[in-house]
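Colleague: A single structure is presented below for examination.
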Amino acid sequence: MAETSWWNRGGPQPPAQPTQAPAAQALPPRVTRSRAELEKLRDDALASQPLEPGDVRMLWCSPDGVASALEAIVHTTRWLLGEREWTPISRDLCPYPDLPVARVRLHAEDAIFGYKWPETSEWYAGGVKRTIEWATTTTEERPIFE
């Protein structure tokens, strides 16, 4: 007897699961960190969101700004990984992997110092800036300490 559940009324069947994982996309040209490092930072930021601000290991951030900074880290890493279409802060759409990483860092600095994007919190902008600096060098400290 054929499947007659409400979601499958004779339409096309979903494709079979691939036998191997798809090849990972290249990261944006200026990014020096690995995909695994970016994913780990994203996952650490997501896991830190329910914690009390004082329990999150971000010495650069005021307890009042922890939630905004964590949100920025998640958004920025997802953007760098190709999981988010629009840029942090300006919300421009850019083709992946040709992302304007340096320009978004400047947008973050503009938001921090009040030159543009007054609706953006300085802590959110700081999270974007620190994430991009970390992702594009090997000498910067991680935005969230392990």
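Identifiers in the structure tokens: chain A, B, ... in order shown; residue index from 1 per chain; ligand index from 1 in order shown.
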With only C-alpha atoms counted and 9 Å as the cut-off, give the residues of range 43-130 of chain A in contact with range 30-36 of chain A, each with its shortest interatomic distance in Å and the pair that gives it, as a tab-separated table.
Modeller:
residue	atom	partner	partner_atom	distance
A:Leu80	CA	A:Val31	CA	8.1
A:Leu81	CA	A:Arg35	CA	7.1
A:Leu99	CA	A:Arg30	CA	8.9
A:Val101	CA	A:Arg30	CA	7.1
A:Ala102	CA	A:Arg30	CA	8.2
Colleague: Mind dumping the selected residues with all heavy atoms as a PDB file, in the first residue's frame?
Modeller:
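Generated output (out16.pdb):
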ATOM      1  N   LEU A  80      30.406  34.727   7.726  1.00  0.00           N
ATOM      2  CA  LEU A  80      31.692  34.278   7.190  1.00  0.00           C
ATOM      3  C   LEU A  80      31.646  32.828   6.718  1.00  0.00           C
ATOM      4  O   LEU A  80      32.393  32.435   5.824  1.00  0.00           O
ATOM      5  CB  LEU A  80      32.793  34.445   8.234  1.00  0.00           C
ATOM      6  CG  LEU A  80      33.149  35.884   8.606  1.00  0.00           C
ATOM      7  CD1 LEU A  80      34.082  35.915   9.807  1.00  0.00           C
ATOM      8  CD2 LEU A  80      33.754  36.612   7.412  1.00  0.00           C
ATOM      9  N   LEU A  81      30.770  32.029   7.315  1.00  0.00           N
ATOM     10  CA  LEU A  81      30.617  30.627   6.924  1.00  0.00           C
ATOM     11  C   LEU A  81      29.643  30.436   5.760  1.00  0.00           C
ATOM     12  O   LEU A  81      29.487  29.335   5.260  1.00  0.00           O
ATOM     13  CB  LEU A  81      30.144  29.796   8.126  1.00  0.00           C
ATOM     14  CG  LEU A  81      31.162  29.585   9.231  1.00  0.00           C
ATOM     15  CD1 LEU A  81      30.485  29.087  10.506  1.00  0.00           C
ATOM     16  CD2 LEU A  81      32.234  28.611   8.769  1.00  0.00           C
ATOM     17  N   LEU A  99      32.987  38.109   0.037  1.00  0.00           N
ATOM     18  CA  LEU A  99      32.403  38.997   1.030  1.00  0.00           C
ATOM     19  C   LEU A  99      33.302  40.203   1.289  1.00  0.00           C
ATOM     20  O   LEU A  99      34.521  40.066   1.315  1.00  0.00           O
ATOM     21  CB  LEU A  99      32.188  38.238   2.344  1.00  0.00           C
ATOM     22  CG  LEU A  99      31.313  36.985   2.265  1.00  0.00           C
ATOM     23  CD1 LEU A  99      31.232  36.321   3.630  1.00  0.00           C
ATOM     24  CD2 LEU A  99      29.941  37.313   1.732  1.00  0.00           C
ATOM     25  N   VAL A 101      34.773  41.723   3.665  1.00  0.00           N
ATOM     26  CA  VAL A 101      35.147  41.563   5.068  1.00  0.00           C
ATOM     27  C   VAL A 101      35.752  42.851   5.634  1.00  0.00           C
ATOM     28  O   VAL A 101      35.376  43.298   6.722  1.00  0.00           O
ATOM     29  CB  VAL A 101      36.111  40.364   5.227  1.00  0.00           C
ATOM     30  CG1 VAL A 101      36.600  40.235   6.647  1.00  0.00           C
ATOM     31  CG2 VAL A 101      35.417  39.078   4.778  1.00  0.00           C
ATOM     32  N   ALA A 102      36.682  43.450   4.906  1.00  0.00           N
ATOM     33  CA  ALA A 102      37.329  44.683   5.396  1.00  0.00           C
ATOM     34  C   ALA A 102      36.323  45.825   5.528  1.00  0.00           C
ATOM     35  O   ALA A 102      36.378  46.600   6.481  1.00  0.00           O
ATOM     36  CB  ALA A 102      38.472  45.081   4.472  1.00  0.00           C
TER      37      ALA A 102
END
Colleague: With a cut-off of 12 Å, could you pull out the residues of range 74-93 of chain A touching range 111-121 of chain A and give me the nearest pair of atoms for each, distance in Å to one decimal, using only C-alpha atoms, ordered by chain and ascending number, as a Markdown table?
Modeller:
| residue | atom | partner | partner_atom | distance |
| --- | --- | --- | --- | --- |
| A:Pro88 | CA | A:Thr120 | CA | 10.0 |
| A:Ile89 | CA | A:Thr120 | CA | 6.9 |
| A:Ser90 | CA | A:Trp117 | CA | 7.8 |
| A:Arg91 | CA | A:Trp117 | CA | 11.0 |
Colleague: Include N, CA and C atoms and write out the residues we just selected as a PDB file, in the first residue's frame.
Modeller:
ATOM      1  N   PRO A  88      26.514  41.765   8.716  1.00  0.00           N
ATOM      2  CA  PRO A  88      26.185  42.380   9.999  1.00  0.00           C
ATOM      3  C   PRO A  88      26.255  43.908   9.858  1.00  0.00           C
ATOM      4  N   ILE A  89      25.499  44.603  10.592  1.00  0.00           N
ATOM      5  CA  ILE A  89      25.409  46.064  10.682  1.00  0.00           C
ATOM      6  C   ILE A  89      24.683  46.669   9.486  1.00  0.00           C
ATOM      7  N   SER A  90      25.244  46.667   8.282  1.00  0.00           N
ATOM      8  CA  SER A  90      24.614  47.352   7.148  1.00  0.00           C
ATOM      9  C   SER A  90      23.533  46.518   6.470  1.00  0.00           C
ATOM     10  N   ARG A  91      23.557  45.225   6.671  1.00  0.00           N
ATOM     11  CA  ARG A  91      22.581  44.287   6.097  1.00  0.00           C
ATOM     12  C   ARG A  91      22.563  44.294   4.569  1.00  0.00           C
TER      13      ARG A  91
END
Colleague: Tell me, which residues of chain A carry DSSP alpha helix (DSSP H), written as a PyMOL selection string?
Modeller: chain A and resi 35-48+66-81+101-112+122-136
Colleague: Can you tell me which residues surround range 55-67 of chain A at a distance of at most 7 Å, considering only C-alpha atoms, apart from same-chain residues fewer than 3 positions away, and format the answer as a list in words?
Modeller: Ser48, Gln49, Leu51, Glu52, Leu70, Glu71, Trp123, Pro143, Ile144 and Phe145 of chain A
Colleague: Figure out the distance between CA of Tyr124 in chain A and CA of Ala69 in chain A, please, to one decimal in Å.
Modeller: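 Taking CA of Ala69 in chain A as the start and CA of Tyr124 in chain A as the end point, the length is 4.6 Å.
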Colleague: With only C-alpha atoms as the basis for distance, which of A:Leu93, A:Ile132, A:Val74, A:Leu38 is at the shortest distance from Arg105 in chain A?
Modeller: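 Nearest candidate to Arg105 in chain A out of A:Leu93, A:Ile132, A:Val74, A:Leu38: A:Ile132.
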Colleague: When you draw a straight line from CA of Asp98 in chain A to CA of Pro28 in chain A, how long is it in Å?
Modeller: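 Going from CA of Asp98 in chain A over to CA of Pro28 in chain A, I get 5.7 Å.
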Colleague: Identify which of the residues A:Glu122, A:Ala72, A:Glu85, A:Arg130 lies closest to Arg142 in chain A, counting only C-alpha atoms when measuring atom-to-atom distances.
Modeller: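 Comparing A:Glu122, A:Ala72, A:Glu85, A:Arg130 against Arg142 in chain A, the winner is A:Arg130.
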